[in-house]
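*Asks:* Handing over run_32.txt, compact mmCIF, N, CA and C atoms.
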# COMPACT_ATOMS: atom_id res chain seq x y z
N MET A 198 64.76 109.73 104.89
CA MET A 198 64.36 108.43 105.38
C MET A 198 65.25 108.08 106.57
N SER A 199 64.67 107.52 107.60
CA SER A 199 65.47 107.14 108.74
C SER A 199 64.96 105.85 109.33
N SER A 200 65.77 105.24 110.17
CA SER A 200 65.37 104.02 110.85
C SER A 200 65.95 104.03 112.24
N GLU A 201 65.35 103.24 113.12
CA GLU A 201 65.90 103.13 114.46
C GLU A 201 66.57 101.79 114.59
N ILE A 202 67.85 101.83 114.89
CA ILE A 202 68.61 100.61 115.15
C ILE A 202 69.28 100.82 116.50
N ASN A 203 68.95 99.96 117.44
CA ASN A 203 69.50 100.07 118.79
C ASN A 203 69.24 101.44 119.40
N GLY A 204 68.09 102.03 119.07
CA GLY A 204 67.71 103.31 119.66
C GLY A 204 68.36 104.52 119.02
N ASN A 205 69.22 104.35 118.06
CA ASN A 205 69.88 105.47 117.39
C ASN A 205 69.25 105.74 116.04
N GLN A 206 69.15 106.99 115.68
CA GLN A 206 68.66 107.36 114.37
C GLN A 206 69.81 107.26 113.37
N ALA A 207 69.57 106.64 112.23
CA ALA A 207 70.61 106.52 111.22
C ALA A 207 70.01 106.87 109.85
N LEU A 208 70.60 107.84 109.16
CA LEU A 208 70.16 108.16 107.81
C LEU A 208 70.61 107.04 106.88
N LYS A 209 69.79 106.74 105.88
CA LYS A 209 70.15 105.66 104.98
C LYS A 209 69.70 105.98 103.57
N ASN A 210 70.44 105.40 102.61
CA ASN A 210 70.16 105.60 101.19
C ASN A 210 69.91 104.25 100.54
N LEU A 211 68.86 104.18 99.72
CA LEU A 211 68.55 102.96 98.98
C LEU A 211 69.64 102.74 97.94
N ILE A 212 70.28 101.55 97.98
CA ILE A 212 71.35 101.26 97.02
C ILE A 212 71.01 100.10 96.09
N ASN A 213 69.99 99.30 96.45
CA ASN A 213 69.64 98.15 95.61
C ASN A 213 68.27 97.63 96.00
N ILE A 214 67.62 96.97 95.06
CA ILE A 214 66.39 96.23 95.33
C ILE A 214 66.62 94.82 94.80
N ILE A 215 66.52 93.86 95.69
CA ILE A 215 66.72 92.45 95.32
C ILE A 215 65.37 91.81 95.13
N THR A 216 65.15 91.22 93.95
CA THR A 216 63.87 90.58 93.67
C THR A 216 64.02 89.06 93.74
N PHE A 217 62.88 88.41 93.88
CA PHE A 217 62.83 86.95 93.97
C PHE A 217 61.87 86.44 92.89
N ASN A 218 62.40 85.81 91.87
CA ASN A 218 61.59 85.24 90.80
C ASN A 218 61.69 83.72 90.87
N VAL A 219 60.53 83.08 90.78
CA VAL A 219 60.46 81.63 90.89
C VAL A 219 59.80 81.07 89.64
N ARG A 220 60.36 79.99 89.11
CA ARG A 220 59.72 79.31 87.98
C ARG A 220 58.46 78.62 88.49
N ALA A 221 57.33 78.96 87.89
CA ALA A 221 56.05 78.37 88.30
C ALA A 221 56.00 76.93 87.82
N THR A 222 55.72 76.02 88.73
CA THR A 222 55.65 74.61 88.37
C THR A 222 54.26 74.03 88.59
N GLN A 223 53.40 74.75 89.28
CA GLN A 223 52.08 74.25 89.62
C GLN A 223 50.99 74.86 88.73
N THR A 224 51.36 75.46 87.61
CA THR A 224 50.38 76.07 86.72
C THR A 224 50.40 75.37 85.37
N VAL A 225 49.37 75.62 84.60
CA VAL A 225 49.27 75.01 83.27
C VAL A 225 50.37 75.54 82.36
N ASP A 226 50.53 76.86 82.33
CA ASP A 226 51.60 77.44 81.52
C ASP A 226 52.75 77.81 82.45
N VAL A 227 53.87 77.18 82.26
CA VAL A 227 55.02 77.41 83.14
C VAL A 227 55.55 78.82 82.87
N GLY A 228 55.49 79.65 83.89
CA GLY A 228 55.95 81.03 83.77
C GLY A 228 56.81 81.39 84.95
N ILE A 229 56.89 82.69 85.20
CA ILE A 229 57.70 83.21 86.30
C ILE A 229 56.78 83.89 87.30
N VAL A 230 56.93 83.54 88.57
CA VAL A 230 56.20 84.18 89.65
C VAL A 230 57.16 85.18 90.30
N PRO A 231 56.76 86.47 90.41
CA PRO A 231 57.68 87.49 90.91
C PRO A 231 57.71 87.63 92.44
N TRP A 232 57.62 86.54 93.15
CA TRP A 232 57.74 86.51 94.61
C TRP A 232 58.02 85.09 95.04
N VAL A 233 58.35 84.94 96.31
CA VAL A 233 58.58 83.62 96.87
C VAL A 233 57.80 83.55 98.18
N ASN A 234 57.13 82.44 98.41
CA ASN A 234 56.38 82.26 99.64
C ASN A 234 57.35 81.90 100.76
N ILE A 235 57.31 82.67 101.84
CA ILE A 235 58.25 82.45 102.94
C ILE A 235 58.02 81.09 103.60
N GLY A 236 56.76 80.72 103.78
CA GLY A 236 56.45 79.46 104.43
C GLY A 236 56.86 78.24 103.62
N LYS A 237 56.87 78.39 102.29
CA LYS A 237 57.24 77.28 101.40
C LYS A 237 58.63 77.47 100.80
N ALA A 238 59.44 78.26 101.47
CA ALA A 238 60.75 78.62 100.92
C ALA A 238 61.63 77.41 100.63
N ASN A 239 61.59 76.39 101.47
CA ASN A 239 62.42 75.21 101.23
C ASN A 239 62.11 74.56 99.89
N GLU A 240 60.83 74.51 99.52
CA GLU A 240 60.45 73.94 98.23
C GLU A 240 60.72 74.91 97.08
N GLU A 241 60.42 76.19 97.31
CA GLU A 241 60.54 77.17 96.23
C GLU A 241 61.99 77.51 95.90
N ILE A 242 62.90 77.26 96.82
CA ILE A 242 64.32 77.50 96.54
C ILE A 242 64.77 76.67 95.34
N LEU A 243 64.18 75.51 95.18
CA LEU A 243 64.56 74.63 94.06
C LEU A 243 64.28 75.28 92.71
N ASN A 244 63.30 76.18 92.65
CA ASN A 244 62.92 76.84 91.41
C ASN A 244 63.25 78.33 91.40
N LEU A 245 64.01 78.78 92.40
CA LEU A 245 64.38 80.19 92.51
C LEU A 245 65.41 80.54 91.44
N ILE A 246 65.11 81.54 90.65
CA ILE A 246 66.01 81.97 89.58
C ILE A 246 67.19 82.74 90.20
N ASP A 247 68.39 82.42 89.75
CA ASP A 247 69.63 83.04 90.24
C ASP A 247 69.78 82.89 91.75
N ALA A 248 69.42 81.73 92.28
CA ALA A 248 69.43 81.47 93.73
C ALA A 248 70.81 81.66 94.34
N ASP A 249 71.86 81.25 93.66
CA ASP A 249 73.21 81.29 94.22
C ASP A 249 73.99 82.57 93.91
N GLU A 250 73.36 83.48 93.18
CA GLU A 250 74.03 84.75 92.87
C GLU A 250 74.23 85.55 94.16
N ILE A 251 75.47 86.01 94.38
CA ILE A 251 75.76 86.86 95.53
C ILE A 251 75.19 88.25 95.23
N VAL A 252 74.14 88.62 95.98
CA VAL A 252 73.45 89.89 95.73
C VAL A 252 73.84 90.97 96.73
N ILE A 253 74.49 90.56 97.82
CA ILE A 253 75.04 91.51 98.79
C ILE A 253 76.45 91.04 99.12
N THR A 254 77.44 91.87 98.80
CA THR A 254 78.83 91.46 98.99
C THR A 254 79.34 91.72 100.41
N GLU A 255 78.66 92.59 101.14
CA GLU A 255 79.07 92.87 102.52
C GLU A 255 78.86 91.61 103.36
N HIS A 256 79.61 91.51 104.44
CA HIS A 256 79.58 90.31 105.27
C HIS A 256 78.64 90.40 106.47
N ASP A 257 78.32 91.61 106.89
CA ASP A 257 77.51 91.83 108.09
C ASP A 257 76.36 92.75 107.73
N ILE A 258 75.12 92.29 107.91
CA ILE A 258 73.96 93.10 107.55
C ILE A 258 72.93 93.05 108.68
N THR A 259 72.03 94.03 108.64
CA THR A 259 70.91 94.06 109.57
C THR A 259 69.63 93.93 108.75
N VAL A 260 68.74 93.07 109.17
CA VAL A 260 67.45 92.89 108.51
C VAL A 260 66.39 93.46 109.44
N SER A 261 65.63 94.44 108.94
CA SER A 261 64.56 95.06 109.72
C SER A 261 63.22 94.54 109.23
N VAL A 262 62.38 94.13 110.18
CA VAL A 262 61.08 93.56 109.86
C VAL A 262 60.01 94.36 110.60
N ASP A 263 59.04 94.87 109.85
CA ASP A 263 57.92 95.52 110.51
C ASP A 263 56.61 94.78 110.22
N TYR A 264 56.29 94.57 108.96
CA TYR A 264 55.06 93.88 108.60
C TYR A 264 55.32 92.38 108.53
N PRO A 265 54.50 91.55 109.06
CA PRO A 265 53.20 91.72 109.72
C PRO A 265 53.29 91.76 111.23
N LEU A 266 54.41 92.18 111.77
CA LEU A 266 54.62 92.13 113.21
C LEU A 266 53.90 93.25 113.95
N SER A 267 53.49 92.97 115.16
CA SER A 267 52.86 93.99 115.99
C SER A 267 53.93 94.93 116.55
N LYS A 268 55.15 94.42 116.71
CA LYS A 268 56.26 95.24 117.20
C LYS A 268 57.44 95.02 116.25
N PRO A 269 57.85 96.05 115.50
CA PRO A 269 58.98 95.90 114.57
C PRO A 269 60.22 95.39 115.29
N THR A 270 61.02 94.63 114.55
CA THR A 270 62.24 94.07 115.10
C THR A 270 63.33 94.09 114.04
N SER A 271 64.54 93.83 114.45
CA SER A 271 65.65 93.69 113.50
C SER A 271 66.59 92.61 114.01
N PHE A 272 67.33 92.02 113.08
CA PHE A 272 68.30 91.01 113.46
C PHE A 272 69.51 91.12 112.53
N HIS A 273 70.64 90.64 113.03
CA HIS A 273 71.89 90.72 112.27
C HIS A 273 72.20 89.37 111.65
N LEU A 274 72.80 89.43 110.46
CA LEU A 274 73.27 88.23 109.77
C LEU A 274 74.72 88.43 109.38
N PHE A 275 75.48 87.35 109.40
CA PHE A 275 76.88 87.40 108.99
C PHE A 275 77.15 86.25 108.02
N SER A 276 77.90 86.55 106.96
CA SER A 276 78.34 85.54 106.01
C SER A 276 79.73 85.93 105.52
N SER A 277 80.64 85.00 105.55
CA SER A 277 82.02 85.30 105.14
C SER A 277 82.14 85.52 103.64
N ILE A 278 81.15 85.07 102.86
CA ILE A 278 81.23 85.21 101.39
C ILE A 278 80.19 86.19 100.83
N GLY A 279 79.43 86.83 101.68
CA GLY A 279 78.34 87.69 101.21
C GLY A 279 77.06 86.88 101.22
N PHE A 280 76.01 87.44 100.63
CA PHE A 280 74.69 86.84 100.71
C PHE A 280 74.09 86.59 99.33
N SER A 281 73.67 85.36 99.13
CA SER A 281 72.94 84.99 97.91
C SER A 281 71.45 85.09 98.20
N ARG A 282 70.63 85.05 97.15
CA ARG A 282 69.18 85.03 97.34
C ARG A 282 68.78 83.84 98.20
N LYS A 283 69.39 82.69 97.92
CA LYS A 283 69.05 81.48 98.67
C LYS A 283 69.36 81.63 100.15
N LEU A 284 70.54 82.11 100.48
CA LEU A 284 70.92 82.27 101.88
C LEU A 284 70.02 83.28 102.58
N LEU A 285 69.73 84.40 101.93
CA LEU A 285 68.84 85.39 102.52
C LEU A 285 67.45 84.80 102.78
N LEU A 286 66.95 84.06 101.81
CA LEU A 286 65.62 83.46 101.96
C LEU A 286 65.59 82.45 103.10
N ILE A 287 66.61 81.62 103.21
CA ILE A 287 66.67 80.63 104.29
C ILE A 287 66.71 81.32 105.65
N GLU A 288 67.55 82.34 105.79
CA GLU A 288 67.66 83.05 107.06
C GLU A 288 66.37 83.78 107.42
N ILE A 289 65.74 84.42 106.44
CA ILE A 289 64.49 85.14 106.70
C ILE A 289 63.39 84.17 107.08
N ARG A 290 63.31 83.05 106.39
CA ARG A 290 62.31 82.03 106.71
C ARG A 290 62.47 81.53 108.14
N GLU A 291 63.70 81.21 108.52
CA GLU A 291 63.95 80.71 109.88
C GLU A 291 63.55 81.74 110.93
N LYS A 292 63.86 83.00 110.66
CA LYS A 292 63.52 84.06 111.62
C LYS A 292 62.00 84.20 111.73
N PHE A 293 61.28 84.16 110.61
CA PHE A 293 59.83 84.27 110.65
C PHE A 293 59.19 83.09 111.37
N ILE A 294 59.73 81.91 111.19
CA ILE A 294 59.21 80.74 111.90
C ILE A 294 59.39 80.93 113.41
N THR A 295 60.56 81.41 113.81
CA THR A 295 60.82 81.66 115.24
C THR A 295 59.87 82.74 115.78
N ILE A 296 59.72 83.83 115.05
CA ILE A 296 58.85 84.92 115.49
C ILE A 296 57.40 84.47 115.58
N SER A 297 56.96 83.65 114.63
CA SER A 297 55.55 83.22 114.60
C SER A 297 55.19 82.34 115.80
N LYS A 298 56.19 81.77 116.45
CA LYS A 298 55.94 80.94 117.64
C LYS A 298 55.79 81.79 118.90
N ASN A 299 56.08 83.08 118.78
CA ASN A 299 55.93 84.01 119.89
C ASN A 299 54.44 84.26 120.12
N ASP A 300 53.99 84.15 121.35
CA ASP A 300 52.57 84.32 121.68
C ASP A 300 52.03 85.70 121.34
N GLU A 301 52.91 86.71 121.27
CA GLU A 301 52.47 88.07 120.99
C GLU A 301 52.18 88.30 119.51
N GLU A 302 52.67 87.45 118.64
CA GLU A 302 52.51 87.63 117.20
C GLU A 302 51.46 86.67 116.66
N VAL A 303 50.60 87.20 115.79
CA VAL A 303 49.54 86.38 115.20
C VAL A 303 49.59 86.53 113.68
N PHE A 304 50.27 85.60 113.03
CA PHE A 304 50.30 85.56 111.57
C PHE A 304 50.69 84.15 111.15
N ASP A 305 50.35 83.82 109.91
CA ASP A 305 50.67 82.51 109.36
C ASP A 305 51.81 82.69 108.35
N VAL A 306 52.95 82.09 108.62
CA VAL A 306 54.11 82.23 107.74
C VAL A 306 53.78 81.77 106.33
N ALA A 307 52.91 80.78 106.19
CA ALA A 307 52.55 80.25 104.87
C ALA A 307 51.78 81.25 104.02
N GLU A 308 51.28 82.32 104.63
CA GLU A 308 50.53 83.33 103.88
C GLU A 308 51.39 84.52 103.46
N LEU A 309 52.67 84.49 103.79
CA LEU A 309 53.54 85.63 103.51
C LEU A 309 54.37 85.41 102.26
N ASP A 310 54.26 86.34 101.32
CA ASP A 310 55.04 86.30 100.09
C ASP A 310 56.10 87.39 100.12
N LEU A 311 57.35 87.02 99.92
CA LEU A 311 58.45 87.96 99.87
C LEU A 311 58.63 88.40 98.42
N VAL A 312 58.36 89.68 98.16
CA VAL A 312 58.44 90.22 96.81
C VAL A 312 59.85 90.74 96.52
N ALA A 313 60.41 91.46 97.48
CA ALA A 313 61.73 92.07 97.26
C ALA A 313 62.36 92.44 98.60
N LEU A 314 63.64 92.73 98.53
CA LEU A 314 64.39 93.27 99.66
C LEU A 314 64.93 94.62 99.24
N ASP A 315 64.67 95.63 100.04
CA ASP A 315 65.23 96.95 99.80
C ASP A 315 66.53 97.04 100.60
N VAL A 316 67.62 97.31 99.90
CA VAL A 316 68.94 97.35 100.52
C VAL A 316 69.36 98.81 100.70
N TYR A 317 69.63 99.18 101.93
CA TYR A 317 70.03 100.54 102.27
C TYR A 317 71.44 100.53 102.84
N LYS A 318 72.15 101.63 102.61
CA LYS A 318 73.44 101.84 103.26
C LYS A 318 73.28 103.06 104.16
N THR A 319 73.59 102.88 105.44
CA THR A 319 73.47 103.98 106.37
C THR A 319 74.65 104.92 106.20
N ASP A 320 74.53 106.13 106.75
CA ASP A 320 75.64 107.07 106.68
C ASP A 320 76.88 106.53 107.36
N GLY A 321 76.71 105.59 108.28
CA GLY A 321 77.84 104.96 108.95
C GLY A 321 78.44 103.81 108.15
N GLY A 322 77.90 103.54 106.94
CA GLY A 322 78.43 102.49 106.08
C GLY A 322 77.86 101.10 106.32
N LYS A 323 76.89 100.98 107.22
CA LYS A 323 76.26 99.68 107.52
C LYS A 323 75.18 99.38 106.49
N ILE A 324 74.94 98.10 106.25
CA ILE A 324 73.89 97.66 105.33
C ILE A 324 72.67 97.25 106.12
N GLU A 325 71.52 97.81 105.75
CA GLU A 325 70.25 97.48 106.37
C GLU A 325 69.27 97.07 105.28
N ILE A 326 68.55 96.00 105.55
CA ILE A 326 67.60 95.47 104.58
C ILE A 326 66.20 95.55 105.16
N THR A 327 65.25 95.98 104.35
CA THR A 327 63.85 95.93 104.75
C THR A 327 63.13 95.00 103.76
N LEU A 328 62.08 94.36 104.24
CA LEU A 328 61.36 93.37 103.46
C LEU A 328 60.12 93.96 102.81
N ASP A 329 59.89 93.61 101.57
CA ASP A 329 58.66 93.97 100.87
C ASP A 329 57.80 92.69 100.86
N ILE A 330 56.81 92.63 101.75
CA ILE A 330 56.00 91.43 101.93
C ILE A 330 54.57 91.69 101.55
N ASP A 331 53.98 90.74 100.83
CA ASP A 331 52.55 90.74 100.51
C ASP A 331 51.91 89.55 101.18
N VAL A 332 50.62 89.69 101.44
CA VAL A 332 49.86 88.56 102.02
C VAL A 332 48.95 88.01 100.95
Spell out the structure here as structure tokens.
*Replies:*
Amino acid sequence: MSSEINGNQALKNLINIITFNVRATQTVDVGIVPWVNIGKANEEILNLIDADEIVITEHDITVSVDYPLSKPTSFHLFSSIGFSRKLLLIEIREKFITISKNDEEVFDVAELDLVALDVYKTDGGKIEITLDIDV
């Protein structure tokens, strides 16, 4: 498996899969929904299970996004304490809102469900995250 970051090929190994479970509040039987809607992330964070758990202890990560973009992109995040589900969700939501305002991209953030994050460690020791998104 490989990825392109800044034009360089980097081998990477899957080290973790971070899931997002939300307590369902809009259904008759209150259950667990195994994804979070990116467009409604501000509301769904309130019901996000283990929202404050630090799921990535590294301080500097790269998030790679391909779907639903016409041109894949990546961005860097930094946190002095590591990354919780809540922080990752907030940052990803903000990035998708910014990207969706780009005239070249045609998608509705409210239709995107984040199922999981695949966490990879490159041979150089860097952390790279890819998104598992459903529409």
*Asks:* With only C-alpha atoms as the basis for distance, which of A:Val230, A:Ile253, A:Ile246, A:Leu266 is at the shortest distance from Glu325 of chain A?
*Replies:*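 So, comparing all the options, the nearest one is A:Ile253.
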*Asks:* Contacts of segment 208-219 of chain A at 6.5 Å or less, counting only N, CA and C atoms, minus same-chain residues fewer than 3 places along, as a list in words?
*Replies:*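 Answer for this query is Met198, Ser199, Ser200, Gly228, Ile229, Val230, Pro231, Trp232, Val233, Asn244, Leu245, Ile246, Leu311, Val312, Ala313, Leu314, Asp315, Val316, Tyr317, Lys318, Thr319, Asp320 and Gly321 of chain A.
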*Asks:* Mind giving me the straight-line distance from atom CA of Ile242 of chain A to atom CA of Lys283 of chain A in Å, one decimal?
*Replies:*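 Atom CA of Lys283 of chain A lies 6.5 Å from atom CA of Ile242 of chain A.
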*Asks:* A:Ser261, A:Asn239, A:Ser281, A:Thr254: which is nearest Leu328 of chain A, counting only C-alpha atoms?
*Replies:*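 Of all the options, A:Ser261 lies closest to Leu328 of chain A.
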*Asks:* Taking 4 positions as the minimum chain separation for residues in the same chain, which residues sit within 8 Å of Arg282 of chain A when counting only C-alpha atoms? Answer as a list of chain:residue names.
*Replies:* A:Phe217, A:Asp247, A:Ala248, A:Asp249, A:Glu250, A:Ile251, A:Val252, A:Leu286
*Asks:* In segment 198-328 of chain A, what's strand (DSSP E or B) per DSSP? Answer as a VMD selection string?
*Replies:* chain A and resid 199 to 202 205 to 216 219 to 220 229 to 230 233 to 234 245 251 to 253 257 to 262 270 to 275 280 to 281 310 to 319 324 to 328
*Asks:* Would you mind telling me which residue in A:Glu302, A:Pro265, A:Lys292, A:Leu243 lies nearest to Ile330 of chain A when using all atoms listed in the file?
*Replies:*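 Counting all atoms listed in the file, the residue closest to Ile330 of chain A is A:Pro265.
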*Asks:* Counting only C-alpha atoms, what is within 10 Å of Ala307 of chain A, bar same-chain residues fewer than 5 positions away, as a VMD selection string?
*Replies:* chain A and resid 234 to 238 294 332
*Asks:* As JSON, numbers by chain, which residues of segment 199-290 of chain A does DSSP assign to helix (DSSP H, G or I)?
*Replies:* {"A": [238, 239, 240, 241, 242, 243, 244, 282, 283, 284, 285, 286, 287, 288, 289, 290]}
*Asks:* Could you check which residues have any atom within 8 Å of (52.7, 89.8, 118.3), counting only N, CA and C atoms with coordinates taken straight from the file, and then list them as a list of chain:residue names?
*Replies:*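 Here the neighbourhood of the point contains A:Pro265, A:Leu266, A:Ser267, A:Lys268, A:Ile296, A:Asn299, A:Asp300, A:Glu301, A:Glu302, A:Val303, A:Phe304.
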*Asks:* With N, CA and C atoms retained, export the selected residues as a short mmCIF file (atom, residue, chain, number, x, y, z; two decimals), in the coordinates of the input.
*Replies:*
data_model
loop_
_atom_site.label_atom_id
_atom_site.label_comp_id
_atom_site.auth_asym_id
_atom_site.auth_seq_id
_atom_site.Cartn_x
_atom_site.Cartn_y
_atom_site.Cartn_z
N PRO A 265 54.50 91.55 109.06
CA PRO A 265 53.20 91.72 109.72
C PRO A 265 53.29 91.76 111.23
N LEU A 266 54.41 92.18 111.77
CA LEU A 266 54.62 92.13 113.21
C LEU A 266 53.90 93.25 113.95
N SER A 267 53.49 92.97 115.16
CA SER A 267 52.86 93.99 115.99
C SER A 267 53.93 94.93 116.55
N LYS A 268 55.15 94.42 116.71
CA LYS A 268 56.26 95.24 117.20
C LYS A 268 57.44 95.02 116.25
N ILE A 296 59.72 83.83 115.05
CA ILE A 296 58.85 84.92 115.49
C ILE A 296 57.40 84.47 115.58
N ASN A 299 56.08 83.08 118.78
CA ASN A 299 55.93 84.01 119.89
C ASN A 299 54.44 84.26 120.12
N ASP A 300 53.99 84.15 121.35
CA ASP A 300 52.57 84.32 121.68
C ASP A 300 52.03 85.70 121.34
N GLU A 301 52.91 86.71 121.27
CA GLU A 301 52.47 88.07 120.99
C GLU A 301 52.18 88.30 119.51
N GLU A 302 52.67 87.45 118.64
CA GLU A 302 52.51 87.63 117.20
C GLU A 302 51.46 86.67 116.66
N VAL A 303 50.60 87.20 115.79
CA VAL A 303 49.54 86.38 115.20
C VAL A 303 49.59 86.53 113.68
N PHE A 304 50.27 85.60 113.03
CA PHE A 304 50.30 85.56 111.57
C PHE A 304 50.69 84.15 111.15
#
*Asks:* Please report the interatomic distance between atom N of Asp305 of chain A and atom C of Leu274 of chain A in Å with one decimal.
*Replies:*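 Interatomic distance here is 24.8 Å.
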